[in-house]
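Structure file structure33.pdb; described as PDB, N, CA and C atoms.
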MODEL        1
ATOM      1  N   MET A   1     -40.428 -36.150   9.277  1.00  0.00           N
ATOM      2  CA  MET A   1     -40.327 -37.157   8.253  1.00  0.00           C
ATOM      3  C   MET A   1     -40.041 -38.495   8.937  1.00  0.00           C
ATOM      4  N   SER A   2     -40.756 -39.540   8.534  1.00  0.00           N
ATOM      5  CA  SER A   2     -40.525 -40.866   9.118  1.00  0.00           C
ATOM      6  C   SER A   2     -39.357 -41.547   8.423  1.00  0.00           C
ATOM      7  N   ALA A   3     -38.927 -42.663   8.989  1.00  0.00           N
ATOM      8  CA  ALA A   3     -37.774 -43.389   8.443  1.00  0.00           C
ATOM      9  C   ALA A   3     -38.058 -43.972   7.068  1.00  0.00           C
ATOM     10  N   THR A   4     -39.321 -44.127   6.699  1.00  0.00           N
ATOM     11  CA  THR A   4     -39.649 -44.723   5.401  1.00  0.00           C
ATOM     12  C   THR A   4     -39.948 -43.686   4.328  1.00  0.00           C
ATOM     13  N   GLU A   5     -40.057 -42.423   4.700  1.00  0.00           N
ATOM     14  CA  GLU A   5     -40.321 -41.367   3.728  1.00  0.00           C
ATOM     15  C   GLU A   5     -39.037 -40.953   3.017  1.00  0.00           C
ATOM     16  N   ALA A   6     -39.151 -40.666   1.738  1.00  0.00           N
ATOM     17  CA  ALA A   6     -37.997 -40.181   0.980  1.00  0.00           C
ATOM     18  C   ALA A   6     -37.861 -38.675   1.166  1.00  0.00           C
ATOM     19  N   CYS A   7     -36.654 -38.210   1.175  1.00  0.00           N
ATOM     20  CA  CYS A   7     -36.385 -36.776   1.231  1.00  0.00           C
ATOM     21  C   CYS A   7     -36.903 -36.145  -0.063  1.00  0.00           C
ATOM     22  N   ASP A   8     -37.575 -35.016   0.037  1.00  0.00           N
ATOM     23  CA  ASP A   8     -38.127 -34.381  -1.159  1.00  0.00           C
ATOM     24  C   ASP A   8     -37.048 -33.825  -2.089  1.00  0.00           C
ATOM     25  N   ARG A   9     -35.821 -33.758  -1.615  1.00  0.00           N
ATOM     26  CA  ARG A   9     -34.702 -33.289  -2.450  1.00  0.00           C
ATOM     27  C   ARG A   9     -33.916 -34.455  -3.066  1.00  0.00           C
ATOM     28  N   PHE A  10     -34.334 -35.695  -2.772  1.00  0.00           N
ATOM     29  CA  PHE A  10     -33.638 -36.856  -3.314  1.00  0.00           C
ATOM     30  C   PHE A  10     -33.859 -36.954  -4.817  1.00  0.00           C
ATOM     31  N   LYS A  11     -32.777 -37.245  -5.542  1.00  0.00           N
ATOM     32  CA  LYS A  11     -32.841 -37.432  -6.989  1.00  0.00           C
ATOM     33  C   LYS A  11     -32.161 -38.752  -7.316  1.00  0.00           C
ATOM     34  N   GLU A  12     -32.904 -39.647  -7.926  1.00  0.00           N
ATOM     35  CA  GLU A  12     -32.354 -40.936  -8.338  1.00  0.00           C
ATOM     36  C   GLU A  12     -31.255 -40.681  -9.373  1.00  0.00           C
ATOM     37  N   PRO A  13     -30.048 -41.252  -9.184  1.00  0.00           N
ATOM     38  CA  PRO A  13     -28.979 -41.024 -10.166  1.00  0.00           C
ATOM     39  C   PRO A  13     -29.278 -41.729 -11.481  1.00  0.00           C
ATOM     40  N   SER A  14     -28.874 -41.108 -12.561  1.00  0.00           N
ATOM     41  CA  SER A  14     -29.054 -41.717 -13.887  1.00  0.00           C
ATOM     42  C   SER A  14     -27.946 -42.749 -14.117  1.00  0.00           C
ATOM     43  N   LEU A  15     -28.144 -43.575 -15.122  1.00  0.00           N
ATOM     44  CA  LEU A  15     -27.136 -44.571 -15.465  1.00  0.00           C
ATOM     45  C   LEU A  15     -25.821 -43.898 -15.845  1.00  0.00           C
ATOM     46  N   SER A  16     -25.890 -42.801 -16.580  1.00  0.00           N
ATOM     47  CA  SER A  16     -24.650 -42.106 -16.979  1.00  0.00           C
ATOM     48  C   SER A  16     -23.930 -41.515 -15.763  1.00  0.00           C
ATOM     49  N   GLU A  17     -24.689 -40.998 -14.790  1.00  0.00           N
ATOM     50  CA  GLU A  17     -24.066 -40.483 -13.569  1.00  0.00           C
ATOM     51  C   GLU A  17     -23.370 -41.602 -12.798  1.00  0.00           C
ATOM     52  N   LEU A  18     -24.029 -42.754 -12.720  1.00  0.00           N
ATOM     53  CA  LEU A  18     -23.419 -43.894 -12.031  1.00  0.00           C
ATOM     54  C   LEU A  18     -22.194 -44.419 -12.770  1.00  0.00           C
ATOM     55  N   LYS A  19     -22.239 -44.409 -14.107  1.00  0.00           N
ATOM     56  CA  LYS A  19     -21.070 -44.834 -14.888  1.00  0.00           C
ATOM     57  C   LYS A  19     -19.889 -43.906 -14.634  1.00  0.00           C
ATOM     58  N   ASN A  20     -20.148 -42.601 -14.576  1.00  0.00           N
ATOM     59  CA  ASN A  20     -19.078 -41.645 -14.287  1.00  0.00           C
ATOM     60  C   ASN A  20     -18.509 -41.855 -12.891  1.00  0.00           C
ATOM     61  N   LEU A  21     -19.379 -42.100 -11.936  1.00  0.00           N
ATOM     62  CA  LEU A  21     -18.941 -42.364 -10.571  1.00  0.00           C
ATOM     63  C   LEU A  21     -18.123 -43.652 -10.497  1.00  0.00           C
ATOM     64  N   LEU A  22     -18.544 -44.655 -11.245  1.00  0.00           N
ATOM     65  CA  LEU A  22     -17.802 -45.918 -11.305  1.00  0.00           C
ATOM     66  C   LEU A  22     -16.400 -45.693 -11.866  1.00  0.00           C
ATOM     67  N   LYS A  23     -16.297 -44.870 -12.903  1.00  0.00           N
ATOM     68  CA  LYS A  23     -14.985 -44.553 -13.483  1.00  0.00           C
ATOM     69  C   LYS A  23     -14.104 -43.812 -12.484  1.00  0.00           C
ATOM     70  N   GLU A  24     -14.694 -42.885 -11.732  1.00  0.00           N
ATOM     71  CA  GLU A  24     -13.939 -42.105 -10.745  1.00  0.00           C
ATOM     72  C   GLU A  24     -13.458 -42.957  -9.576  1.00  0.00           C
ATOM     73  N   ARG A  25     -14.356 -43.764  -9.032  1.00  0.00           N
ATOM     74  CA  ARG A  25     -14.068 -44.500  -7.795  1.00  0.00           C
ATOM     75  C   ARG A  25     -13.576 -45.920  -8.016  1.00  0.00           C
ATOM     76  N   GLY A  26     -13.990 -46.516  -9.135  1.00  0.00           N
ATOM     77  CA  GLY A  26     -13.590 -47.897  -9.413  1.00  0.00           C
ATOM     78  C   GLY A  26     -14.561 -48.936  -8.871  1.00  0.00           C
ATOM     79  N   TRP A  27     -15.594 -48.496  -8.148  1.00  0.00           N
ATOM     80  CA  TRP A  27     -16.593 -49.418  -7.621  1.00  0.00           C
ATOM     81  C   TRP A  27     -17.852 -48.661  -7.208  1.00  0.00           C
ATOM     82  N   LEU A  28     -18.950 -49.388  -7.190  1.00  0.00           N
ATOM     83  CA  LEU A  28     -20.215 -48.920  -6.638  1.00  0.00           C
ATOM     84  C   LEU A  28     -20.731 -50.055  -5.774  1.00  0.00           C
ATOM     85  N   TYR A  29     -21.821 -49.831  -5.058  1.00  0.00           N
ATOM     86  CA  TYR A  29     -22.345 -50.866  -4.178  1.00  0.00           C
ATOM     87  C   TYR A  29     -23.839 -51.036  -4.423  1.00  0.00           C
ATOM     88  N   CYS A  30     -24.278 -52.272  -4.575  1.00  0.00           N
ATOM     89  CA  CYS A  30     -25.692 -52.580  -4.746  1.00  0.00           C
ATOM     90  C   CYS A  30     -26.264 -52.927  -3.375  1.00  0.00           C
ATOM     91  N   LEU A  31     -27.155 -52.070  -2.886  1.00  0.00           N
ATOM     92  CA  LEU A  31     -27.790 -52.320  -1.589  1.00  0.00           C
ATOM     93  C   LEU A  31     -28.733 -53.513  -1.651  1.00  0.00           C
ATOM     94  N   THR A  32     -29.327 -53.764  -2.797  1.00  0.00           N
ATOM     95  CA  THR A  32     -30.274 -54.861  -2.952  1.00  0.00           C
ATOM     96  C   THR A  32     -29.573 -56.213  -2.817  1.00  0.00           C
ATOM     97  N   CYS A  33     -28.459 -56.378  -3.520  1.00  0.00           N
ATOM     98  CA  CYS A  33     -27.720 -57.653  -3.525  1.00  0.00           C
ATOM     99  C   CYS A  33     -26.623 -57.710  -2.464  1.00  0.00           C
ATOM    100  N   LYS A  34     -26.272 -56.525  -1.947  1.00  0.00           N
ATOM    101  CA  LYS A  34     -25.144 -56.414  -1.018  1.00  0.00           C
ATOM    102  C   LYS A  34     -23.838 -56.876  -1.673  1.00  0.00           C
ATOM    103  N   LYS A  35     -23.638 -56.401  -2.924  1.00  0.00           N
ATOM    104  CA  LYS A  35     -22.442 -56.755  -3.695  1.00  0.00           C
ATOM    105  C   LYS A  35     -21.781 -55.499  -4.259  1.00  0.00           C
ATOM    106  N   THR A  36     -20.484 -55.582  -4.420  1.00  0.00           N
ATOM    107  CA  THR A  36     -19.720 -54.506  -5.043  1.00  0.00           C
ATOM    108  C   THR A  36     -19.815 -54.638  -6.560  1.00  0.00           C
ATOM    109  N   ILE A  37     -20.000 -53.532  -7.232  1.00  0.00           N
ATOM    110  CA  ILE A  37     -20.060 -53.483  -8.696  1.00  0.00           C
ATOM    111  C   ILE A  37     -18.773 -52.835  -9.178  1.00  0.00           C
ATOM    112  N   VAL A  38     -18.059 -53.524 -10.071  1.00  0.00           N
ATOM    113  CA  VAL A  38     -16.758 -53.009 -10.505  1.00  0.00           C
ATOM    114  C   VAL A  38     -16.650 -52.755 -12.007  1.00  0.00           C
ATOM    115  N   ASP A  39     -17.681 -53.084 -12.791  1.00  0.00           N
ATOM    116  CA  ASP A  39     -17.615 -52.775 -14.219  1.00  0.00           C
ATOM    117  C   ASP A  39     -18.987 -52.350 -14.742  1.00  0.00           C
ATOM    118  N   GLU A  40     -18.979 -51.699 -15.909  1.00  0.00           N
ATOM    119  CA  GLU A  40     -20.207 -51.129 -16.472  1.00  0.00           C
ATOM    120  C   GLU A  40     -21.231 -52.194 -16.835  1.00  0.00           C
ATOM    121  N   GLU A  41     -20.794 -53.335 -17.309  1.00  0.00           N
ATOM    122  CA  GLU A  41     -21.725 -54.408 -17.680  1.00  0.00           C
ATOM    123  C   GLU A  41     -22.520 -54.867 -16.450  1.00  0.00           C
ATOM    124  N   GLU A  42     -21.824 -55.036 -15.360  1.00  0.00           N
ATOM    125  CA  GLU A  42     -22.476 -55.430 -14.110  1.00  0.00           C
ATOM    126  C   GLU A  42     -23.421 -54.326 -13.623  1.00  0.00           C
ATOM    127  N   LEU A  43     -22.997 -53.080 -13.754  1.00  0.00           N
ATOM    128  CA  LEU A  43     -23.829 -51.940 -13.371  1.00  0.00           C
ATOM    129  C   LEU A  43     -25.136 -51.937 -14.163  1.00  0.00           C
ATOM    130  N   GLU A  44     -25.057 -52.171 -15.455  1.00  0.00           N
ATOM    131  CA  GLU A  44     -26.249 -52.176 -16.302  1.00  0.00           C
ATOM    132  C   GLU A  44     -27.221 -53.281 -15.899  1.00  0.00           C
ATOM    133  N   LYS A  45     -26.711 -54.425 -15.457  1.00  0.00           N
ATOM    134  CA  LYS A  45     -27.574 -55.526 -15.010  1.00  0.00           C
ATOM    135  C   LYS A  45     -28.328 -55.154 -13.730  1.00  0.00           C
ATOM    136  N   HIS A  46     -27.686 -54.416 -12.849  1.00  0.00           N
ATOM    137  CA  HIS A  46     -28.277 -54.052 -11.564  1.00  0.00           C
ATOM    138  C   HIS A  46     -29.152 -52.803 -11.645  1.00  0.00           C
ATOM    139  N   PHE A  47     -28.896 -51.932 -12.609  1.00  0.00           N
ATOM    140  CA  PHE A  47     -29.449 -50.578 -12.623  1.00  0.00           C
ATOM    141  C   PHE A  47     -30.972 -50.499 -12.564  1.00  0.00           C
ATOM    142  N   MET A  48     -31.683 -51.257 -13.342  1.00  0.00           N
ATOM    143  CA  MET A  48     -33.135 -51.085 -13.463  1.00  0.00           C
ATOM    144  C   MET A  48     -33.925 -51.515 -12.229  1.00  0.00           C
ATOM    145  N   LYS A  49     -33.482 -52.545 -11.534  1.00  0.00           N
ATOM    146  CA  LYS A  49     -34.306 -53.104 -10.459  1.00  0.00           C
ATOM    147  C   LYS A  49     -33.675 -53.040  -9.077  1.00  0.00           C
ATOM    148  N   HIS A  50     -32.487 -52.483  -8.969  1.00  0.00           N
ATOM    149  CA  HIS A  50     -31.781 -52.491  -7.693  1.00  0.00           C
ATOM    150  C   HIS A  50     -31.445 -51.087  -7.230  1.00  0.00           C
ATOM    151  N   ILE A  51     -31.076 -50.971  -5.968  1.00  0.00           N
ATOM    152  CA  ILE A  51     -30.659 -49.693  -5.401  1.00  0.00           C
ATOM    153  C   ILE A  51     -29.136 -49.670  -5.383  1.00  0.00           C
ATOM    154  N   ILE A  52     -28.557 -48.753  -6.135  1.00  0.00           N
ATOM    155  CA  ILE A  52     -27.103 -48.667  -6.271  1.00  0.00           C
ATOM    156  C   ILE A  52     -26.627 -47.353  -5.666  1.00  0.00           C
ATOM    157  N   ILE A  53     -25.574 -47.448  -4.881  1.00  0.00           N
ATOM    158  CA  ILE A  53     -25.018 -46.258  -4.250  1.00  0.00           C
ATOM    159  C   ILE A  53     -23.530 -46.149  -4.561  1.00  0.00           C
ATOM    160  N   GLY A  54     -23.029 -44.942  -4.453  1.00  0.00           N
ATOM    161  CA  GLY A  54     -21.627 -44.684  -4.737  1.00  0.00           C
ATOM    162  C   GLY A  54     -20.759 -44.610  -3.501  1.00  0.00           C
ATOM    163  N   GLU A  55     -21.393 -44.524  -2.361  1.00  0.00           N
ATOM    164  CA  GLU A  55     -20.626 -44.422  -1.124  1.00  0.00           C
ATOM    165  C   GLU A  55     -21.270 -45.278  -0.056  1.00  0.00           C
ATOM    166  N   ILE A  56     -20.440 -45.877   0.759  1.00  0.00           N
ATOM    167  CA  ILE A  56     -20.925 -46.555   1.960  1.00  0.00           C
ATOM    168  C   ILE A  56     -20.069 -46.074   3.118  1.00  0.00           C
ATOM    169  N   LEU A  57     -20.651 -46.029   4.275  1.00  0.00           N
ATOM    170  CA  LEU A  57     -19.933 -45.600   5.466  1.00  0.00           C
ATOM    171  C   LEU A  57     -19.281 -46.808   6.112  1.00  0.00           C
ATOM    172  N   ILE A  58     -17.987 -46.750   6.254  1.00  0.00           N
ATOM    173  CA  ILE A  58     -17.251 -47.812   6.931  1.00  0.00           C
ATOM    174  C   ILE A  58     -16.830 -47.261   8.277  1.00  0.00           C
ATOM    175  N   ASP A  59     -17.366 -47.850   9.330  1.00  0.00           N
ATOM    176  CA  ASP A  59     -17.104 -47.396  10.689  1.00  0.00           C
ATOM    177  C   ASP A  59     -15.914 -48.174  11.248  1.00  0.00           C
ATOM    178  N   ASP A  60     -14.744 -47.569  11.230  1.00  0.00           N
ATOM    179  CA  ASP A  60     -13.536 -48.235  11.710  1.00  0.00           C
ATOM    180  C   ASP A  60     -13.619 -48.569  13.198  1.00  0.00           C
ATOM    181  N   ALA A  61     -14.385 -47.803  13.957  1.00  0.00           N
ATOM    182  CA  ALA A  61     -14.482 -48.021  15.395  1.00  0.00           C
ATOM    183  C   ALA A  61     -15.293 -49.259  15.743  1.00  0.00           C
ATOM    184  N   VAL A  62     -16.110 -49.752  14.817  1.00  0.00           N
ATOM    185  CA  VAL A  62     -16.943 -50.912  15.123  1.00  0.00           C
ATOM    186  C   VAL A  62     -16.087 -52.133  15.488  1.00  0.00           C
ATOM    187  N   PHE A  63     -14.919 -52.234  14.912  1.00  0.00           N
ATOM    188  CA  PHE A  63     -14.035 -53.366  15.216  1.00  0.00           C
ATOM    189  C   PHE A  63     -13.527 -53.295  16.657  1.00  0.00           C
ATOM    190  N   GLU A  64     -13.347 -52.093  17.143  1.00  0.00           N
ATOM    191  CA  GLU A  64     -12.891 -51.920  18.518  1.00  0.00           C
ATOM    192  C   GLU A  64     -14.039 -52.111  19.518  1.00  0.00           C
ATOM    193  N   GLU A  65     -15.257 -51.761  19.112  1.00  0.00           N
ATOM    194  CA  GLU A  65     -16.387 -51.808  20.022  1.00  0.00           C
ATOM    195  C   GLU A  65     -17.120 -53.147  20.016  1.00  0.00           C
ATOM    196  N   ALA A  66     -16.989 -53.928  18.954  1.00  0.00           N
ATOM    197  CA  ALA A  66     -17.707 -55.204  18.863  1.00  0.00           C
ATOM    198  C   ALA A  66     -17.056 -56.245  19.767  1.00  0.00           C
ATOM    199  N   HIS A  67     -17.894 -57.027  20.394  1.00  0.00           N
ATOM    200  CA  HIS A  67     -17.390 -58.079  21.278  1.00  0.00           C
ATOM    201  C   HIS A  67     -16.952 -59.299  20.467  1.00  0.00           C
ATOM    202  N   ALA A  68     -15.921 -59.951  20.917  1.00  0.00           N
ATOM    203  CA  ALA A  68     -15.435 -61.156  20.247  1.00  0.00           C
ATOM    204  C   ALA A  68     -16.453 -62.270  20.394  1.00  0.00           C
ATOM    205  N   GLY A  69     -16.495 -63.152  19.434  1.00  0.00           N
ATOM    206  CA  GLY A  69     -17.480 -64.242  19.455  1.00  0.00           C
ATOM    207  C   GLY A  69     -16.949 -65.521  20.044  1.00  0.00           C
ATOM    208  N   ASP A  70     -15.809 -65.470  20.710  1.00  0.00           N
ATOM    209  CA  ASP A  70     -15.252 -66.712  21.248  1.00  0.00           C
ATOM    210  C   ASP A  70     -15.596 -66.967  22.648  1.00  0.00           C
TER
ENDMDL
END
Is it possible to express this structure as structure tokens?
Amino acid sequence: MSATEACDRFKEPSLSELKNLLKERGWLYCLTCKKTIVDEEELEKHFMKHIIIGEILIDDAVFEEAHAGD
């Protein structure tokens, strides 16, 4: 499978699934806008045309490995 192919087991989450996840976690993330979504009204605005995810990977080690810009 190439990097641009979708996994055949991938299922786009429904709006109700995302609303439940938002209630559980308190936030979602819009990959399209690169913004955090914190309420249902905002989620509904992003839902139809954007890619919304419930989890993002935060690499704590990146701060130790990144070189300073000074």
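Atom to atom, atom C of Phe10 of chain A and atom N of Asp60 of chain A stand 27.1 Å apart.
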Note to self: Just to confirm, what's the straight-line distance from atom CA of Ile51 of chain A to atom N of Leu31 of chain A in Å (one decimal)?
What the structure shows: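 Taking atom CA of Ile51 of chain A as the start and atom N of Leu31 of chain A as the end point, the length is 4.9 Å.
Each of A:Glu40, A:Glu55, A:Glu64, A:Glu5 was compared to Lys23 of chain A using all atoms listed in the file, and A:Glu40 turns out to be the nearest.
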Notebook entry, point to check: Do you know which residues the PyMOL selection byres (((chain A and resi 14 and name CA) around 12) and name CA) returns on this file, as a list in words?
Noted result: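 Selected by the PyMOL selection byres (((chain A and resi 14 and name CA) around 12) and name CA) here: Lys11, Glu12, Pro13, Leu15, Ser16, Glu17, Leu18, Lys19, Asn20, Leu21, Leu43, Glu44, Phe47, Met48, Ile51, Ile52 and Ile53 of chain A.
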Checklist line | DSSP-assigned strand (DSSP E) among segment 7-55 of chain A, expressed as a VMD selection string | finding: chain A and resid 28 to 30 35 to 37 52 to 53
Next item on the list: Starting from the shown file, work through the PyMOL selection byres (((chain A and resi 27 and name CA) around 7) and name CA) and note down what comes out as number ranges by chain.
Entry: A: 22, 25-26, 28-29, 36-38
Note to self: Rounded to one decimal, what separation in Å do you get between atom N of Glu41 of chain A and atom N of Cys7 of chain A?
What the structure shows: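 Answer for the atom N of Glu41 of chain A to atom N of Cys7 of chain A separation: 28.7 Å.
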